[in-house]
file query_31.pdb (PDB, C-alpha atoms)
ATOM      1  CA  MET Q   1     167.511  96.342  73.582
ATOM      2  CA  ARG Q   2     163.920  95.785  74.733
ATOM      3  CA  LEU Q   3     162.824  95.394  71.125
ATOM      4  CA  LEU Q   4     165.503  92.784  70.529
ATOM      5  CA  MET Q   5     164.504  90.845  73.653
ATOM      6  CA  ARG Q   6     160.864  91.012  72.588
ATOM      7  CA  MET Q   7     161.716  89.618  69.140
ATOM      8  CA  LEU Q   8     163.812  86.844  70.693
ATOM      9  CA  ALA Q   9     160.961  85.985  73.049
ATOM     10  CA  LEU Q  10     158.478  85.823  70.163
ATOM     11  CA  SER Q  11     160.839  83.584  68.214
ATOM     12  CA  ARG Q  12     161.371  81.347  71.240
ATOM     13  CA  SER Q  13     157.639  81.204  71.865
ATOM     14  CA  ALA Q  14     156.921  80.141  68.275
ATOM     15  CA  ARG Q  15     159.561  77.423  68.465
ATOM     16  CA  MET Q  16     158.257  76.169  71.806
ATOM     17  CA  ARG Q  17     154.699  76.173  70.456
ATOM     18  CA  ARG Q  18     155.739  73.955  67.504
ATOM     19  CA  GLN Q  19     157.569  71.572  69.801
ATOM     20  CA  PHE Q  20     154.666  71.577  72.245
ATOM     21  CA  ARG Q  21     152.203  70.379  69.601
ATOM     22  CA  ASP Q  22     154.473  67.415  68.860
ATOM     23  CA  ILE Q  23     155.084  66.627  72.547
ATOM     24  CA  GLU Q  24     151.373  66.928  73.366
ATOM     25  CA  GLN Q  25     150.412  64.564  70.572
ATOM     26  CA  ARG Q  26     153.007  61.998  71.653
ATOM     27  CA  ALA Q  27     152.155  62.237  75.363
ATOM     28  CA  LEU Q  28     148.391  61.944  74.965
ATOM     29  CA  ALA Q  29     148.610  59.069  72.482
ATOM     30  CA  LEU Q  30     150.255  56.798  75.046
ATOM     31  CA  PRO Q  31     148.346  53.866  76.513
ATOM     32  CA  PRO Q  32     147.304  54.231  80.174
ATOM     33  CA  THR Q  33     150.079  52.000  81.548
ATOM     34  CA  THR Q  34     152.718  54.049  79.765
ATOM     35  CA  SER Q  35     151.007  57.260  80.874
ATOM     36  CA  ALA Q  36     151.544  56.162  84.466
ATOM     37  CA  LEU Q  37     155.266  55.804  83.779
ATOM     38  CA  LEU Q  38     155.337  59.166  82.025
ATOM     39  CA  ALA Q  39     153.549  60.886  84.915
ATOM     40  CA  GLU Q  40     156.130  59.482  87.316
ATOM     41  CA  LEU Q  41     159.022  60.575  85.066
ATOM     42  CA  ILE Q  42     157.589  64.078  84.717
ATOM     43  CA  GLY Q  43     157.388  64.359  88.496
ATOM     44  CA  LYS Q  44     160.984  63.228  88.899
ATOM     45  CA  GLU Q  45     162.275  65.566  86.192
ATOM     46  CA  CYS Q  46     160.382  68.558  87.621
ATOM     47  CA  SER Q  47     161.706  67.774  91.072
ATOM     48  CA  ALA Q  48     165.289  67.453  89.825
ATOM     49  CA  ALA Q  49     165.006  70.712  87.889
ATOM     50  CA  SER Q  50     163.533  72.597  90.843
ATOM     51  CA  LYS Q  51     166.590  71.729  92.946
ATOM     52  CA  LEU Q  52     168.795  73.769  90.617
ATOM     53  CA  GLU Q  53     169.481  77.455  91.054
ATOM     54  CA  THR Q  54     168.194  78.031  87.510
ATOM     55  CA  PRO Q  55     165.599  75.299  86.863
ATOM     56  CA  HIS Q  56     164.853  76.449  83.311
ATOM     57  CA  LEU Q  57     168.429  75.484  82.358
ATOM     58  CA  TYR Q  58     167.895  71.863  83.418
ATOM     59  CA  GLY Q  59     169.287  69.511  80.794
ATOM     60  CA  SER Q  60     171.606  72.203  79.385
ATOM     61  CA  PRO Q  61     175.407  72.062  79.430
ATOM     62  CA  PRO Q  62     176.862  73.378  82.715
ATOM     63  CA  ASP Q  63     178.876  76.120  80.985
ATOM     64  CA  LEU Q  64     175.745  77.880  79.670
ATOM     65  CA  LYS Q  65     175.180  81.433  80.930
ATOM     66  CA  PRO Q  66     172.330  81.687  83.482
ATOM     67  CA  GLY Q  67     170.678  84.670  81.755
ATOM     68  CA  GLY Q  68     169.626  82.955  78.550
ATOM     69  CA  TRP Q  69     167.395  80.114  77.524
ATOM     70  CA  GLY Q  70     168.712  76.616  77.867
ATOM     71  CA  THR Q  71     168.971  73.735  75.443
ATOM     72  CA  GLY Q  72     167.123  71.182  77.584
ATOM     73  CA  MET Q  73     163.897  71.535  75.643
ATOM     74  CA  ASP Q  74     165.629  70.910  72.329
ATOM     75  CA  LEU Q  75     167.343  67.859  73.794
ATOM     76  CA  GLY Q  76     164.030  66.603  75.172
ATOM     77  CA  HIS Q  77     162.275  67.162  71.847
ATOM     78  CA  ASP Q  78     164.992  65.265  69.978
ATOM     79  CA  ARG Q  79     164.726  62.386  72.433
ATOM     80  CA  ALA Q  80     160.924  62.392  72.215
ATOM     81  CA  ARG Q  81     161.226  61.532  68.521
ATOM     82  CA  SER Q  82     163.467  58.528  69.210
ATOM     83  CA  GLU Q  83     162.599  55.008  68.093
ATOM     84  CA  ASN Q  84     163.459  53.675  71.563
ATOM     85  CA  ALA Q  85     160.395  53.793  73.837
ATOM     86  CA  GLN Q  86     162.352  54.512  77.037
ATOM     87  CA  VAL Q  87     164.342  57.321  75.432
ATOM     88  CA  ARG Q  88     161.109  58.712  73.987
ATOM     89  CA  LEU Q  89     159.397  58.771  77.405
ATOM     90  CA  ARG Q  90     162.389  60.398  79.089
ATOM     91  CA  GLY Q  91     162.519  62.992  76.301
ATOM     92  CA  ILE Q  92     158.852  63.882  76.710
ATOM     93  CA  ALA Q  93     159.299  64.162  80.482
ATOM     94  CA  LEU Q  94     162.420  66.335  80.078
ATOM     95  CA  TRP Q  95     160.689  68.648  77.612
ATOM     96  CA  ILE Q  96     157.640  69.080  79.840
ATOM     97  CA  ALA Q  97     159.738  69.703  82.957
ATOM     98  CA  VAL Q  98     161.939  72.323  81.296
ATOM     99  CA  ALA Q  99     158.957  73.984  79.588
ATOM    100  CA  TYR Q 100     157.139  74.123  82.919
ATOM    101  CA  HIS Q 101     160.029  75.888  84.639
ATOM    102  CA  GLU Q 102     160.848  78.157  81.699
ATOM    103  CA  THR Q 103     157.308  79.419  81.275
ATOM    104  CA  ARG Q 104     156.299  79.476  84.948
ATOM    105  CA  GLU Q 105     157.358  82.984  85.934
ATOM    106  CA  SER Q 106     158.141  84.513  82.575
ATOM    107  CA  SER Q 107     157.502  88.196  81.999
ATOM    108  CA  PHE Q 108     156.435  87.566  78.385
ATOM    109  CA  PRO Q 109     152.680  87.051  77.848
ATOM    110  CA  GLU Q 110     153.215  84.421  75.125
ATOM    111  CA  PHE Q 111     154.768  82.122  77.690
ATOM    112  CA  ALA Q 112     151.806  82.402  80.079
ATOM    113  CA  GLU Q 113     149.467  80.693  77.608
ATOM    114  CA  LEU Q 114     152.058  78.021  76.893
ATOM    115  CA  HIS Q 115     152.472  77.444  80.645
ATOM    116  CA  ARG Q 116     148.735  76.793  80.972
ATOM    117  CA  ASP Q 117     148.946  74.347  78.060
ATOM    118  CA  VAL Q 118     151.873  72.523  79.668
ATOM    119  CA  LEU Q 119     149.928  72.274  82.939
ATOM    120  CA  ARG Q 120     146.926  70.927  81.010
ATOM    121  CA  VAL Q 121     149.032  68.181  79.402
ATOM    122  CA  MET Q 122     150.535  67.282  82.787
ATOM    123  CA  ARG Q 123     147.014  66.971  84.195
ATOM    124  CA  GLN Q 124     145.805  64.871  81.251
ATOM    125  CA  VAL Q 125     148.756  62.495  81.562
ATOM    126  CA  LYS Q 126     147.972  62.056  85.277
ATOM    127  CA  GLU Q 127     144.300  61.472  84.480
ATOM    128  CA  ASN Q 128     145.246  58.827  81.889
ATOM    129  CA  ALA Q 129     147.403  57.142  84.520
ATOM    130  CA  ALA Q 130     144.598  57.349  87.087
ATOM    131  CA  ALA Q 131     142.149  55.845  84.595
ATOM    132  CA  ARG Q 132     144.464  52.839  84.326
ATOM    133  CA  THR Q 133     144.453  52.432  88.101
ATOM    134  CA  ASP Q 134     140.664  52.747  88.242
ATOM    135  CA  ARG Q 135     140.194  50.144  85.507
ATOM    136  CA  SER Q 136     142.602  47.670  87.077
ATOM    137  CA  SER Q 137     141.009  48.006  90.528
ATOM    138  CA  THR Q 138     137.558  47.526  88.965
ATOM    139  CA  TRP Q 139     138.810  44.455  87.146
ATOM    140  CA  MET Q 140     140.311  43.052  90.331
ATOM    141  CA  LYS Q 141     137.045  43.582  92.219
ATOM    142  CA  SER Q 142     134.897  42.038  89.500
ATOM    143  CA  GLY Q 143     137.371  39.191  88.980
ATOM    144  CA  GLY Q 144     137.410  38.459  92.698
ATOM    145  CA  GLU Q 145     133.621  38.384  92.877
ATOM    146  CA  ALA Q 146     133.375  36.120  89.841
ATOM    147  CA  ALA Q 147     135.843  33.667  91.361
ATOM    148  CA  ALA Q 148     133.964  33.563  94.672
TER     149      ALA Q 148
END

call {"tool": "encode", "arguments": {"input": "query_31.pdb", "output": "structure tokens"}}
result
Amino acid sequence: MRLLMRMLALSRSARMRRQFRDIEQRALALPPTTSALLAELIGKECSAASKLETPHLYGSPPDLKPGGWGTGMDLGHDRARSENAQVRLRGIALWIAVAYHETRESSFPEFAELHRDVLRVMRQVKENAAARTDRSSTWMKSGGEAAA
């Protein structure tokens, strides 16, 4: 049974890794204003997931057994590839939130590295959003001085 669980975990890890590369590319390619929206959505999704008894099943159907892996990441990945910008942002945020909770306290070493990568992307999205705020405040200061 342990061997089977180990094989399932390796398979899940490989699938999550593939999805992560796509999500990372989409999240980091966003302009700073959109990064600010994404950072806010990620915070809301993580908060909503943490309120559940099983946060890693966030976004999954309610009849799913608590012992397994959920379908929220697949749903988020599908939405992240949408043509609609709002659906795409919500999908990226959902994927990151579920991946964060699923990999956070996992007993499988493959998930620990992925958790660090998810945290890195969350930090980079926040930094992109902060860069937008810094640039706009600099612009406002310089614009105010030029007008005076």

call {"tool": "resolve_selection", "arguments": {"input": "query_31.pdb", "expression": "the PyMOL selection byres ((chain Q and resi 114) around 12)", "output": "PyMOL selection string"}}
result
chain Q and resi 12-21+24+96+99-106+108-113+115-121

call {"tool": "residues_near_point", "arguments": {"input": "query_31.pdb", "point": "(165.2, 71.0, 85.9)", "cutoff": "10 Å", "atoms": "all atoms listed in the file", "output": "tab-separated table (two decimals) with C-alpha atoms, in the frame of the given file"}}
result
chain	number	residue	atom	x	y	z
Q	44	LYS	CA	160.98	63.23	88.90
Q	45	GLU	CA	162.28	65.57	86.19
Q	46	CYS	CA	160.38	68.56	87.62
Q	47	SER	CA	161.71	67.77	91.07
Q	48	ALA	CA	165.29	67.45	89.82
Q	49	ALA	CA	165.01	70.71	87.89
Q	50	SER	CA	163.53	72.60	90.84
Q	51	LYS	CA	166.59	71.73	92.95
Q	52	LEU	CA	168.80	73.77	90.62
Q	53	GLU	CA	169.48	77.46	91.05
Q	54	THR	CA	168.19	78.03	87.51
Q	55	PRO	CA	165.60	75.30	86.86
Q	56	HIS	CA	164.85	76.45	83.31
Q	57	LEU	CA	168.43	75.48	82.36
Q	58	TYR	CA	167.90	71.86	83.42
Q	59	GLY	CA	169.29	69.51	80.79
Q	60	SER	CA	171.61	72.20	79.39
Q	72	GLY	CA	167.12	71.18	77.58
Q	94	LEU	CA	162.42	66.33	80.08
Q	95	TRP	CA	160.69	68.65	77.61
Q	96	ILE	CA	157.64	69.08	79.84
Q	97	ALA	CA	159.74	69.70	82.96
Q	98	VAL	CA	161.94	72.32	81.30
Q	99	ALA	CA	158.96	73.98	79.59
Q	100	TYR	CA	157.14	74.12	82.92
Q	101	HIS	CA	160.03	75.89	84.64
Q	102	GLU	CA	160.85	78.16	81.70

call {"tool": "resolve_selection", "arguments": {"input": "query_31.pdb", "expression": "the PyMOL selection byres ((chain Q and resi 128) around 9)", "output": "compact mmCIF listing (two decimals) with C-alpha atoms, in the frame of the given file"}}
result
# COMPACT_ATOMS: atom_id res chain seq x y z
CA LEU Q 28 148.39 61.94 74.96
CA LEU Q 30 150.26 56.80 75.05
CA PRO Q 31 148.35 53.87 76.51
CA PRO Q 32 147.30 54.23 80.17
CA THR Q 33 150.08 52.00 81.55
CA SER Q 35 151.01 57.26 80.87
CA ALA Q 36 151.54 56.16 84.47
CA ARG Q 123 147.01 66.97 84.20
CA GLN Q 124 145.80 64.87 81.25
CA VAL Q 125 148.76 62.50 81.56
CA LYS Q 126 147.97 62.06 85.28
CA GLU Q 127 144.30 61.47 84.48
CA ALA Q 129 147.40 57.14 84.52
CA ALA Q 130 144.60 57.35 87.09
CA ALA Q 131 142.15 55.84 84.60
CA ARG Q 132 144.46 52.84 84.33
CA THR Q 133 144.45 52.43 88.10

call {"tool": "residues_near_point", "arguments": {"input": "query_31.pdb", "point": "(158.0, 52.9, 83.5)", "cutoff": "12 Å", "atoms": "only C-alpha atoms", "output": "ChimeraX atom specification"}}
result
/Q:31-42,85-90,93,129

call {"tool": "atom_distance", "arguments": {"input": "query_31.pdb", "atom1": "CA of Arg81 (chain Q)", "atom2": "CA of Asp63 (chain Q)"}}
result
26.1 Å

call {"tool": "atom_distance", "arguments": {"input": "query_31.pdb", "atom1": "CA of Gly76 (chain Q)", "atom2": "CA of Ile23 (chain Q)"}}
result
9.3 Å

call {"tool": "residues_around", "arguments": {"input": "query_31.pdb", "residues": "Gly91 (chain Q)", "least_positions_apart": "6", "cutoff": "7 Å", "atoms": "all atoms listed in the file", "output": "PyMOL selection string"}}
result
chain Q and resi 76-77+79-80

call {"tool": "write_last_selection", "arguments": {"input": "query_31.pdb", "atoms": "C-alpha atoms", "output": "PDB file, in the frame of the given file"}}
result
ATOM      1  CA  GLY Q  76     164.030  66.603  75.172  1.00  0.00           C
ATOM      2  CA  HIS Q  77     162.275  67.162  71.847  1.00  0.00           C
ATOM      3  CA  ARG Q  79     164.726  62.386  72.433  1.00  0.00           C
ATOM      4  CA  ALA Q  80     160.924  62.392  72.215  1.00  0.00           C
TER       5      ALA Q  80
END

call {"tool": "atom_distance", "arguments": {"input": "query_31.pdb", "atom1": "CA of Gln25 (chain Q)", "atom2": "CA of Gly43 (chain Q)"}}
result
19.2 Å

call {"tool": "closest_residue", "arguments": {"input": "query_31.pdb", "among": "Q:Ala27, Q:Asp22, Q:Leu3, Q:Leu10", "to": "Asp78 (chain Q)", "atoms": "all atoms listed in the file"}}
result
Q:Asp22
